[in-house]
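J.: I'd like to ask you about the structure that follows.
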Amino acid sequence: MEQVVIIQDKNEIEVVLQQSKQFGLVKISTYSYRNFKEEVHLGFLKGCIVLMKSRALSEFIPLIMRIRRITEVPIILLVDTYDSYEAAICIEAGADEYVKYPIHPRDLSARIKAVMRRCYNEKFEEDRETVLKLGDISIYLDREEIYRNKMRIELNGREYSILLYLIKKAGIIVTREELMEVISVFKNKRLIDIYIHGLRTKIEELPNFPKYIKTIKGKGYRFETVYIS
């Protein structure tokens with residue numbers, strides 16, 4: 001059963017939701033800000049989180065960020081005054097919706113259903129794809145897209161081919177000559193070093209101290225298997 005977790009200082013939102021017949025099969029759990037412990041209450045949550053903003057933004061944003069570190073379930077914020085600047089900050093912190101309250105029960109329930117449907121449809125599509133997890137790097141092989149910490153990385157065709165070949169040979173030293181064949185370059189071995197440098201700049205947190213693509217002096221390169229999962 002899907003669950004709606006409500007965090008509020010006053011018991012308002014639960015009453016509003018219970019007026020909607022759509023929530024007969026959805027469990028509603030309500031917590032005050034004082035009693036809410038995200039590590040305990042969100043561990044296995046599948047559903048939606050509704051927050052009633054009744055505190056200063058400086059207290060509110062850290063809560064959103066802590067929740068987002070634990071779970072990817074959608075977060076809807078209810079605010080008494082709409083502020084576009086504040087909305088942008090909250091969404092950047094990890095919120096999915098920023099909505100003025102009071103709101104009609106039917107409208108609130110529709111928003112909750114919509115964000116849950118969108119979230120879990122996206123998760124289903126992601127699960128159907130072939131995804132390589134390399135530490136903080138995710139490679140979506142079906143669409144040839146690469147993300148680092150959920151931010152997309154733009155690789156050119158040769159960089160992408162070299163990276164996939166290194167991963168395929170993970171733990172094994174790959175020579176420059178092998179990589180030249182991969183990208184159909186047959187004259188200048190130094191081009192491989194240029195492409196490796198470009199790859200490191202894009203995928204490594206510290207390009208000068210790479211953790212993924214290691215240089216094996218006098219032999220070539222090796223992709224570290226410890227980061228493959």
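So you can find residues: chains in the structure tokens are A, B, ... in the order shown, residues in each start at 1, and ligands are numbered from 1 in order.
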Among the residues of region 75-136 of chain A, find those DSSP assigns to strand (DSSP E or B) from the backbone and print them as JSON, numbers by chain.

T.: {"A": [75, 76, 77, 78, 79, 97, 98, 99, 100, 131, 132, 133, 134]}

J.: Output all heavy atoms for every residue in the selection just made, as a short mmCIF file (atom, residue, chain, number, x, y, z; two decimals), in the first residue's frame.

T.:
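Just written: selection-v7.cif:
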data_model
loop_
_atom_site.label_atom_id
_atom_site.label_comp_id
_atom_site.auth_asym_id
_atom_site.auth_seq_id
_atom_site.Cartn_x
_atom_site.Cartn_y
_atom_site.Cartn_z
N ILE A 75 8.16 15.02 -2.91
CA ILE A 75 7.88 15.91 -1.80
C ILE A 75 7.02 17.07 -2.30
O ILE A 75 7.38 17.74 -3.27
CB ILE A 75 9.18 16.49 -1.19
CG1 ILE A 75 10.08 15.37 -0.66
CG2 ILE A 75 8.85 17.48 -0.07
CD1 ILE A 75 11.45 15.85 -0.22
N ILE A 76 5.88 17.28 -1.65
CA ILE A 76 5.01 18.41 -1.96
C ILE A 76 5.05 19.39 -0.78
O ILE A 76 4.84 18.99 0.37
CB ILE A 76 3.56 17.96 -2.20
CG1 ILE A 76 3.49 17.08 -3.45
CG2 ILE A 76 2.65 19.17 -2.36
CD1 ILE A 76 2.10 16.55 -3.74
N LEU A 77 5.34 20.65 -1.06
CA LEU A 77 5.35 21.67 -0.03
C LEU A 77 4.07 22.49 -0.10
O LEU A 77 3.65 22.91 -1.18
CB LEU A 77 6.53 22.63 -0.23
CG LEU A 77 7.92 22.02 -0.36
CD1 LEU A 77 8.95 23.13 -0.46
CD2 LEU A 77 8.22 21.14 0.82
N LEU A 78 3.46 22.71 1.03
CA LEU A 78 2.28 23.57 1.12
C LEU A 78 2.68 24.83 1.87
O LEU A 78 3.20 24.76 2.98
CB LEU A 78 1.14 22.86 1.84
CG LEU A 78 0.65 21.56 1.18
CD1 LEU A 78 -0.49 20.97 2.00
CD2 LEU A 78 0.20 21.80 -0.25
N VAL A 79 2.44 26.00 1.25
CA VAL A 79 2.86 27.27 1.84
C VAL A 79 1.66 28.23 1.87
O VAL A 79 0.79 28.18 1.00
CB VAL A 79 4.02 27.89 1.04
CG1 VAL A 79 5.24 26.98 1.07
CG2 VAL A 79 3.62 28.17 -0.41
N GLU A 97 7.05 19.74 -5.68
CA GLU A 97 5.94 20.68 -5.89
C GLU A 97 5.97 21.73 -4.79
O GLU A 97 6.31 21.45 -3.63
CB GLU A 97 4.60 19.93 -5.84
CG GLU A 97 4.37 18.97 -6.98
CD GLU A 97 3.59 19.59 -8.12
OE1 GLU A 97 3.13 20.75 -7.98
OE2 GLU A 97 3.44 18.92 -9.15
N TYR A 98 5.60 22.95 -5.15
CA TYR A 98 5.51 24.08 -4.21
C TYR A 98 4.14 24.68 -4.43
O TYR A 98 3.86 25.29 -5.47
CB TYR A 98 6.63 25.07 -4.53
CG TYR A 98 6.71 26.28 -3.63
CD1 TYR A 98 7.54 26.29 -2.50
CD2 TYR A 98 6.00 27.44 -3.92
CE1 TYR A 98 7.64 27.42 -1.69
CE2 TYR A 98 6.09 28.56 -3.12
CZ TYR A 98 6.91 28.55 -2.02
OH TYR A 98 7.02 29.67 -1.22
N VAL A 99 3.20 24.49 -3.47
CA VAL A 99 1.79 24.75 -3.70
C VAL A 99 1.23 25.66 -2.60
O VAL A 99 1.51 25.46 -1.41
CB VAL A 99 0.99 23.42 -3.70
CG1 VAL A 99 -0.49 23.69 -3.97
CG2 VAL A 99 1.56 22.46 -4.73
N LYS A 100 0.43 26.65 -3.02
CA LYS A 100 -0.21 27.54 -2.04
C LYS A 100 -1.34 26.81 -1.31
O LYS A 100 -2.11 26.08 -1.91
CB LYS A 100 -0.76 28.78 -2.75
CG LYS A 100 -1.24 29.87 -1.79
CD LYS A 100 -1.68 31.09 -2.54
CE LYS A 100 -2.08 32.21 -1.58
NZ LYS A 100 -3.09 31.81 -0.60
N VAL A 131 21.75 -0.32 -16.91
CA VAL A 131 22.50 0.77 -16.30
C VAL A 131 23.74 0.22 -15.63
O VAL A 131 23.68 -0.72 -14.85
CB VAL A 131 21.64 1.52 -15.25
CG1 VAL A 131 22.40 2.73 -14.71
CG2 VAL A 131 20.31 1.94 -15.84
N LEU A 132 24.89 0.81 -15.95
CA LEU A 132 26.14 0.48 -15.28
C LEU A 132 26.37 1.49 -14.17
O LEU A 132 26.32 2.70 -14.40
CB LEU A 132 27.32 0.55 -16.26
CG LEU A 132 27.49 -0.61 -17.24
CD1 LEU A 132 28.67 -0.31 -18.17
CD2 LEU A 132 27.74 -1.92 -16.50
N LYS A 133 26.60 1.00 -12.95
CA LYS A 133 26.87 1.87 -11.82
C LYS A 133 28.36 1.81 -11.50
O LYS A 133 28.91 0.75 -11.20
CB LYS A 133 26.07 1.42 -10.59
CG LYS A 133 24.56 1.47 -10.78
CD LYS A 133 24.06 2.89 -10.81
CE LYS A 133 22.54 2.92 -10.82
NZ LYS A 133 22.01 4.30 -10.83
N LEU A 134 29.02 2.96 -11.57
CA LEU A 134 30.46 3.04 -11.33
C LEU A 134 30.71 4.11 -10.27
O LEU A 134 31.00 5.26 -10.60
CB LEU A 134 31.22 3.41 -12.62
CG LEU A 134 30.77 2.68 -13.90
CD1 LEU A 134 31.40 3.32 -15.10
CD2 LEU A 134 31.14 1.21 -13.81
#

J.: Pick the closest to Ala170 (chain A) from A:Thr130, A:Asn156, A:Thr71, A:Thr225: which is it, counting only C-alpha atoms?

T.: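 Selected residue with least distance to Ala170 (chain A): A:Thr225.
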
J.: Would you mind listing what lies within 10 Å of Met65 (chain A) as number ranges by chain, with only C-alpha atoms counted and same-chain residues fewer than 6 positions away left out?

T.: A: 90, 92-95

J.: Store the residues picked out above in a file with C-alpha atoms, as a compact mmCIF listing (two decimals), in the first residue's frame.

T.:
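Output (again02.txt):
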# COMPACT_ATOMS: atom_id res chain seq x y z
CA CYS A 90 12.97 24.62 -2.25
CA GLU A 92 16.65 23.09 -5.93
CA ALA A 93 16.90 21.50 -2.47
CA GLY A 94 14.86 18.51 -3.65
CA ALA A 95 11.15 19.35 -3.50

J.: With a distance cut-off of 9 Å and only C-alpha atoms, select the neighbouring residues of Ile167 (chain A), excluding the residue or stretch itself and same-chain residues fewer than 3 positions from it, and output the selection as a ChimeraX atom specification.

T.: /A:162-164,170-171,222-225,228

J.: What does the file look like for those residues with N, CA, C and O atoms, as a short mmCIF file (atom, residue, chain, number, x, y, z; two decimals), in the first residue's frame?

T.:
data_model
loop_
_atom_site.label_atom_id
_atom_site.label_comp_id
_atom_site.auth_asym_id
_atom_site.auth_seq_id
_atom_site.Cartn_x
_atom_site.Cartn_y
_atom_site.Cartn_z
N ILE A 162 35.94 4.81 -25.93
CA ILE A 162 37.11 4.48 -25.10
C ILE A 162 36.67 4.09 -23.69
O ILE A 162 37.15 3.10 -23.12
N LEU A 163 35.75 4.86 -23.12
CA LEU A 163 35.29 4.57 -21.76
C LEU A 163 34.65 3.19 -21.68
O LEU A 163 34.96 2.40 -20.77
N LEU A 164 33.77 2.87 -22.62
CA LEU A 164 33.11 1.56 -22.59
C LEU A 164 34.12 0.43 -22.75
O LEU A 164 33.99 -0.63 -22.12
N ALA A 170 37.87 -3.92 -17.56
CA ALA A 170 38.17 -3.45 -16.21
C ALA A 170 39.10 -4.40 -15.47
O ALA A 170 38.92 -5.62 -15.50
N GLY A 171 40.10 -3.82 -14.81
CA GLY A 171 41.08 -4.61 -14.07
C GLY A 171 42.24 -5.09 -14.91
O GLY A 171 43.21 -5.63 -14.38
N ARG A 222 44.29 1.42 -17.07
CA ARG A 222 43.47 0.37 -16.46
C ARG A 222 42.29 1.02 -15.74
O ARG A 222 42.46 2.00 -15.01
N PHE A 223 41.11 0.45 -15.97
CA PHE A 223 39.93 0.92 -15.26
C PHE A 223 39.81 0.11 -13.97
O PHE A 223 39.84 -1.12 -13.99
N GLU A 224 39.64 0.80 -12.85
CA GLU A 224 39.61 0.16 -11.55
C GLU A 224 38.29 -0.55 -11.31
O GLU A 224 37.22 0.05 -11.35
N THR A 225 38.33 -1.84 -11.06
CA THR A 225 37.13 -2.67 -10.87
C THR A 225 36.43 -2.38 -9.56
O THR A 225 35.24 -2.68 -9.41
N ILE A 228 33.01 -0.67 -9.82
CA ILE A 228 31.92 -1.24 -10.62
C ILE A 228 30.97 -1.99 -9.71
O ILE A 228 31.38 -2.78 -8.88
#

J.: Excluding same-chain residues fewer than 5 positions from Phe186 (chain A), what lies within 9 Å of it counting only C-alpha atoms, as a list in words?

T.: Glu177, Met180 and Glu181 of chain A

J.: Residues of the last selection are to be written out with all heavy atoms, as a PDB file, in the first residue's frame.

T.:
ATOM      1  N   GLU A 177      47.643   1.135 -28.225  1.00  0.00           N
ATOM      2  CA  GLU A 177      47.378   0.537 -29.536  1.00  0.00           C
ATOM      3  C   GLU A 177      45.972  -0.068 -29.595  1.00  0.00           C
ATOM      4  O   GLU A 177      45.269   0.054 -30.599  1.00  0.00           O
ATOM      5  CB  GLU A 177      48.430  -0.538 -29.847  1.00  0.00           C
ATOM      6  CG  GLU A 177      49.813  -0.007 -30.172  1.00  0.00           C
ATOM      7  CD  GLU A 177      50.592   0.440 -28.942  1.00  0.00           C
ATOM      8  OE1 GLU A 177      50.141   0.144 -27.803  1.00  0.00           O
ATOM      9  OE2 GLU A 177      51.639   1.087 -29.107  1.00  0.00           O
ATOM     10  N   MET A 180      43.532   2.732 -29.917  1.00  0.00           N
ATOM     11  CA  MET A 180      43.576   3.302 -31.267  1.00  0.00           C
ATOM     12  C   MET A 180      42.677   2.512 -32.212  1.00  0.00           C
ATOM     13  O   MET A 180      41.984   3.072 -33.055  1.00  0.00           O
ATOM     14  CB  MET A 180      45.016   3.323 -31.777  1.00  0.00           C
ATOM     15  CG  MET A 180      45.892   4.364 -31.087  1.00  0.00           C
ATOM     16  SD  MET A 180      47.649   4.211 -31.526  1.00  0.00           S
ATOM     17  CE  MET A 180      47.610   4.720 -33.250  1.00  0.00           C
ATOM     18  N   GLU A 181      42.674   1.211 -32.062  1.00  0.00           N
ATOM     19  CA  GLU A 181      41.793   0.376 -32.895  1.00  0.00           C
ATOM     20  C   GLU A 181      40.324   0.619 -32.559  1.00  0.00           C
ATOM     21  O   GLU A 181      39.466   0.633 -33.453  1.00  0.00           O
ATOM     22  CB  GLU A 181      42.133  -1.100 -32.689  1.00  0.00           C
ATOM     23  CG  GLU A 181      43.464  -1.509 -33.295  1.00  0.00           C
ATOM     24  CD  GLU A 181      43.661  -3.009 -33.234  1.00  0.00           C
ATOM     25  OE1 GLU A 181      42.652  -3.735 -33.100  1.00  0.00           O
ATOM     26  OE2 GLU A 181      44.820  -3.449 -33.312  1.00  0.00           O
TER      27      GLU A 181
END

J.: Which residue gives the smallest distance to Arg111 (chain A) among A:Leu206, A:Ile70, A:His41, A:Leu17, with only C-alpha atoms counted?

T.: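 Of all the options, A:Leu17 lies closest to Arg111 (chain A).
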
J.: List the neighbours of Val174 (chain A) out to 10 Å using only C-alpha atoms; skip same-chain residues closer than 6 positions along the sequence, and give me the result as a PyMOL selection string.

T.: chain A and resi 165-166+215-216+219-223

J.: If you run DSSP on the backbone, which residues of region 172-220 of chain A are helix (DSSP H, G or I), as a ChimeraX atom specification?

T.: /A:176-182,190-203

J.: Go through A:Gln8, A:Gln18, A:Ser184, A:Gln3 and flag the residue nearest Leu42 (chain A), using only C-alpha atoms for the distances.

T.: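 Of A:Gln8, A:Gln18, A:Ser184, A:Gln3, the one nearest Leu42 (chain A) is A:Gln3, counting only C-alpha atoms.
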
J.: Ranking A:Arg190, A:Arg117, A:Arg143, A:Lys53 by minimum distance to Arg176 (chain A) and counting only C-alpha atoms, which one comes first?

T.: A:Arg190

J.: Give me the residues near Ile7 (chain A) as a PDB file with N, CA, C and O atoms, in the first residue's frame, where near means some atom within 7 Å (using only C-alpha atoms) and where sequence neighbours in that chain fewer than 3 positions away do not count.

T.:
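Everything below was put into selection38.pdb:
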ATOM      1  N   THR A  30       0.841  10.932  10.004  1.00  0.00           N
ATOM      2  CA  THR A  30       1.064  12.340  10.328  1.00  0.00           C
ATOM      3  C   THR A  30       2.078  12.468  11.461  1.00  0.00           C
ATOM      4  O   THR A  30       2.002  11.748  12.457  1.00  0.00           O
ATOM      5  N   TYR A  31       3.027  13.390  11.274  1.00  0.00           N
ATOM      6  CA  TYR A  31       4.048  13.656  12.296  1.00  0.00           C
ATOM      7  C   TYR A  31       4.175  15.156  12.495  1.00  0.00           C
ATOM      8  O   TYR A  31       4.033  15.937  11.550  1.00  0.00           O
ATOM      9  N   SER A  32       4.469  15.555  13.702  1.00  0.00           N
ATOM     10  CA  SER A  32       4.841  16.946  13.943  1.00  0.00           C
ATOM     11  C   SER A  32       6.319  17.103  13.603  1.00  0.00           C
ATOM     12  O   SER A  32       7.069  16.116  13.567  1.00  0.00           O
ATOM     13  N   TYR A  33       6.736  18.310  13.353  1.00  0.00           N
ATOM     14  CA  TYR A  33       8.157  18.540  13.064  1.00  0.00           C
ATOM     15  C   TYR A  33       9.032  18.093  14.231  1.00  0.00           C
ATOM     16  O   TYR A  33      10.119  17.559  14.042  1.00  0.00           O
ATOM     17  N   VAL A  50       4.211  15.107   2.274  1.00  0.00           N
ATOM     18  CA  VAL A  50       3.578  16.433   2.214  1.00  0.00           C
ATOM     19  C   VAL A  50       4.074  17.237   3.410  1.00  0.00           C
ATOM     20  O   VAL A  50       3.900  16.821   4.563  1.00  0.00           O
ATOM     21  N   LEU A  51       4.689  18.377   3.139  1.00  0.00           N
ATOM     22  CA  LEU A  51       5.194  19.241   4.192  1.00  0.00           C
ATOM     23  C   LEU A  51       4.378  20.528   4.246  1.00  0.00           C
ATOM     24  O   LEU A  51       4.178  21.179   3.220  1.00  0.00           O
ATOM     25  N   MET A  52       3.941  20.886   5.420  1.00  0.00           N
ATOM     26  CA  MET A  52       3.298  22.178   5.622  1.00  0.00           C
ATOM     27  C   MET A  52       4.354  23.134   6.166  1.00  0.00           C
ATOM     28  O   MET A  52       4.870  22.932   7.268  1.00  0.00           O
TER      29      MET A  52
END
